[in-house]
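Notes for the one structure printed next.
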Amino acid sequence: MGDAAVTHRVVRGSLVLCLLVGITAIIGSCRSPSSLDRRLSGTAVSEVNDLKTDIQLLRRLNSMGLSLGQLKDLIPVVNQLCSLQAQYEQRKEGIVAQMVPLLAKEREMLISGRPVAAAVDRQLDALEAKAEEIEAELAGQQEAYVQKIRGILTSEQISRLAGGSNAHAQARELLMWLRELPSSSYADEAPVHAELLAVPELGLSAEVLRGIFETARNLPASEYASAEARLAERIAPLYRAADEAENRAIVQTFSNGRIAAILREKAEAMAK
């Protein structure tokens, strides 16, 4: 095969892997089995993975500071979203099941040194196209639930879920960097950064940013210590996740198969 054919095979392998991971993955990074995993039974490994998933989900939820009322409002929406996710996962499993014998046949041909049959390629291409259609259809169906969840959460809670807490850290780093620049460097860097970072629709024009930079730079150290959080809050929106990233965080968290039970348990604990 030529370079194009090799690239096609690599892309196909990536897609199949993504499908398989999408069906079986939990929140967290993929890793090779540890020595502990190998010593444990399959059931124990599953329990450990479930507990790790629960802990990560709980950390996300706790960082958001959900009220009892929000938990109760989320539960029915999340149940519907998880049900939708499960239906589409079943459809994807069907695609993967059809791919297995075709990929096994391709592997056998490659081991024997024979060229991969065009018919196998065509069938795999068709299955990949179906998988992409399923993913696109699922994303469209999820949108309505994402909007419902957005209506329950505050903008600050959504920002925290999407990693918005990092926005304040990034804002503080920028302000401290500007404070520590030599005067000649600051004169060059501050206007450039103000122009690059400006988002007028957020009320943060280049002129406004230059004013914030000047305030942060000129305050004595003792006064800056108490003013830093307020100044960082002013420019933190520049670093917060875009709507697309926020929606992705909402889907990843609230379509997880274990989230509904966790929400119920937290609501019960808060109601006591």
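Residues are referred to by chain and number: the chain letter is A, B, ... according to the order shown in the structure tokens, the number counts from 1 in that chain, and ligands are numbered separately from 1 in the order shown.
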Practice prompt. List the neighbours of stretch 153-159 of chain A out to 10 Å using only C-alpha atoms; skip same-chain residues closer than 4 positions along the sequence, and give me the result as a PyMOL selection string.
Written response: chain A and resi 60-61+63-67+70-71+73-74+148-149+163-167+237+240-243+245-247+249-250
Resulting file, chosen residues, N, CA and C atoms, as an mmCIF file, in the first residue's frame:
```cif
data_model
loop_
_atom_site.group_PDB
_atom_site.id
_atom_site.type_symbol
_atom_site.label_atom_id
_atom_site.label_comp_id
_atom_site.auth_asym_id
_atom_site.auth_seq_id
_atom_site.Cartn_x
_atom_site.Cartn_y
_atom_site.Cartn_z
ATOM 1 N N ARG A 60 -15.914 16.837 41.469
ATOM 2 C CA ARG A 60 -16.469 17.836 40.552
ATOM 3 C C ARG A 60 -17.730 18.462 41.137
ATOM 4 N N LEU A 61 -18.626 17.604 41.626
ATOM 5 C CA LEU A 61 -19.888 18.114 42.166
ATOM 6 C C LEU A 61 -19.652 18.980 43.395
ATOM 7 N N SER A 63 -17.064 20.708 44.162
ATOM 8 C CA SER A 63 -16.439 21.986 43.805
ATOM 9 C C SER A 63 -17.470 22.990 43.311
ATOM 10 N N MET A 64 -18.619 22.492 42.865
ATOM 11 C CA MET A 64 -19.664 23.374 42.335
ATOM 12 C C MET A 64 -20.563 23.937 43.432
ATOM 13 N N GLY A 65 -20.598 23.302 44.594
ATOM 14 C CA GLY A 65 -21.434 23.793 45.685
ATOM 15 C C GLY A 65 -22.917 23.738 45.363
ATOM 16 N N LEU A 66 -23.390 22.589 44.888
ATOM 17 C CA LEU A 66 -24.803 22.448 44.517
ATOM 18 C C LEU A 66 -25.706 22.487 45.746
ATOM 19 N N SER A 67 -26.850 23.126 45.601
ATOM 20 C CA SER A 67 -27.844 23.149 46.673
ATOM 21 C C SER A 67 -28.710 21.898 46.588
ATOM 22 N N GLN A 70 -31.061 22.180 43.676
ATOM 23 C CA GLN A 70 -30.422 21.908 42.386
ATOM 24 C C GLN A 70 -30.234 20.408 42.170
ATOM 25 N N LEU A 71 -29.837 19.707 43.218
ATOM 26 C CA LEU A 71 -29.663 18.252 43.111
ATOM 27 C C LEU A 71 -30.981 17.590 42.702
ATOM 28 N N ASP A 73 -33.497 18.944 41.159
ATOM 29 C CA ASP A 73 -33.853 19.330 39.792
ATOM 30 C C ASP A 73 -33.005 18.589 38.757
ATOM 31 N N LEU A 74 -31.765 18.304 39.114
ATOM 32 C CA LEU A 74 -30.859 17.632 38.176
ATOM 33 C C LEU A 74 -31.219 16.166 37.974
ATOM 34 N N LYS A 148 -31.063 22.267 29.503
ATOM 35 C CA LYS A 148 -31.815 22.110 30.745
ATOM 36 C C LYS A 148 -30.886 22.176 31.955
ATOM 37 N N ILE A 149 -29.740 21.527 31.847
ATOM 38 C CA ILE A 149 -28.778 21.538 32.953
ATOM 39 C C ILE A 149 -28.212 22.940 33.144
ATOM 40 N N GLY A 163 -13.503 23.782 34.563
ATOM 41 C CA GLY A 163 -12.136 24.166 34.897
ATOM 42 C C GLY A 163 -11.957 25.653 35.050
ATOM 43 N N GLY A 164 -13.056 26.373 35.233
ATOM 44 C CA GLY A 164 -12.979 27.819 35.340
ATOM 45 C C GLY A 164 -12.208 28.304 36.551
ATOM 46 N N SER A 165 -12.058 27.425 37.562
ATOM 47 C CA SER A 165 -11.286 27.844 38.734
ATOM 48 C C SER A 165 -9.855 28.179 38.338
ATOM 49 N N ASN A 166 -9.385 27.564 37.231
ATOM 50 C CA ASN A 166 -8.046 27.866 36.743
ATOM 51 C C ASN A 166 -7.969 29.272 36.176
ATOM 52 N N ALA A 167 -9.119 29.829 35.797
ATOM 53 C CA ALA A 167 -9.122 31.165 35.212
ATOM 54 C C ALA A 167 -8.551 32.189 36.191
ATOM 55 N N PRO A 237 -12.711 36.324 33.283
ATOM 56 C CA PRO A 237 -13.541 35.873 32.148
ATOM 57 C C PRO A 237 -12.763 35.644 30.863
ATOM 58 N N ARG A 240 -11.865 31.917 30.995
ATOM 59 C CA ARG A 240 -12.862 30.891 31.244
ATOM 60 C C ARG A 240 -13.156 30.107 29.983
ATOM 61 N N ALA A 241 -13.641 28.879 30.156
ATOM 62 C CA ALA A 241 -13.908 27.999 29.020
ATOM 63 C C ALA A 241 -14.990 28.579 28.119
ATOM 64 N N ALA A 242 -14.831 28.370 26.834
ATOM 65 C CA ALA A 242 -15.844 28.790 25.871
ATOM 66 C C ALA A 242 -17.075 27.902 26.032
ATOM 67 N N ASP A 243 -18.203 28.337 25.428
ATOM 68 C CA ASP A 243 -19.450 27.585 25.549
ATOM 69 C C ASP A 243 -19.282 26.127 25.130
ATOM 70 N N ALA A 245 -16.639 24.197 25.207
ATOM 71 C CA ALA A 245 -15.913 23.433 26.227
ATOM 72 C C ALA A 245 -16.796 23.196 27.451
ATOM 73 N N GLU A 246 -17.591 24.197 27.812
ATOM 74 C CA GLU A 246 -18.503 24.037 28.948
ATOM 75 C C GLU A 246 -19.537 22.961 28.657
ATOM 76 N N ASN A 247 -20.100 22.972 27.449
ATOM 77 C CA ASN A 247 -21.086 21.948 27.081
ATOM 78 C C ASN A 247 -20.472 20.560 27.121
ATOM 79 N N ALA A 249 -18.008 19.587 29.024
ATOM 80 C CA ALA A 249 -17.833 19.214 30.433
ATOM 81 C C ALA A 249 -19.152 18.778 31.041
ATOM 82 N N ILE A 250 -20.235 19.452 30.677
ATOM 83 C CA ILE A 250 -21.562 19.079 31.177
ATOM 84 C C ILE A 250 -21.929 17.675 30.729
#
```
Worksheet entry | Exercise: A:Leu209 partners within 10 Å, only C-alpha atoms, chain neighbours under 4 positions left out, as a ChimeraX atom specification | /A:190-191,193-195,197-199,203-205,213-215,234-235
Enumerate, in order of chain and increasing residue number, the residues of stretch 74-102 of chain A with an atom no farther than 12 Å from stretch 133-142 of chain A, each with its shortest atom pair and distance in Å to one decimal, counting only C-alpha atoms, as CSV.
```
residue,atom,partner,partner_atom,distance
A:Val77,CA,A:Gln142,CA,10.9
A:Val78,CA,A:Gln142,CA,10.8
A:Gln80,CA,A:Gln142,CA,9.9
A:Leu81,CA,A:Gln142,CA,7.0
A:Cys82,CA,A:Gln142,CA,9.8
A:Ser83,CA,A:Gln142,CA,10.9
A:Leu84,CA,A:Gln142,CA,8.0
A:Gln85,CA,A:Leu138,CA,7.6
A:Ala86,CA,A:Leu138,CA,10.5
A:Gln87,CA,A:Leu138,CA,9.4
A:Tyr88,CA,A:Leu138,CA,6.8
A:Glu89,CA,A:Ile134,CA,9.2
A:Gln90,CA,A:Ile134,CA,10.6
A:Arg91,CA,A:Ile134,CA,7.7
A:Lys92,CA,A:Ile134,CA,7.3
A:Glu93,CA,A:Ile134,CA,11.0
A:Gly94,CA,A:Ile134,CA,11.2
A:Ile95,CA,A:Ile134,CA,9.7
```
Practice prompt. Go through A:Tyr145, A:Leu51, A:Ile75, A:Ala227 and flag the residue nearest A:Glu265, using only C-alpha atoms for the distances.
Written response: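 Result for the nearest residue to A:Glu265: A:Ile75.
Of the listed residues (A:Ala44, A:Ile259, A:Leu231, A:Ala267), A:Leu231 comes nearest to A:His168; the distances count only C-alpha atoms.
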Worksheet item: Could you work out how far atom CA of A:Gln56 lies from atom CA of A:Leu263, giving the answer in Å with one decimal?
Response: 13.3 Å
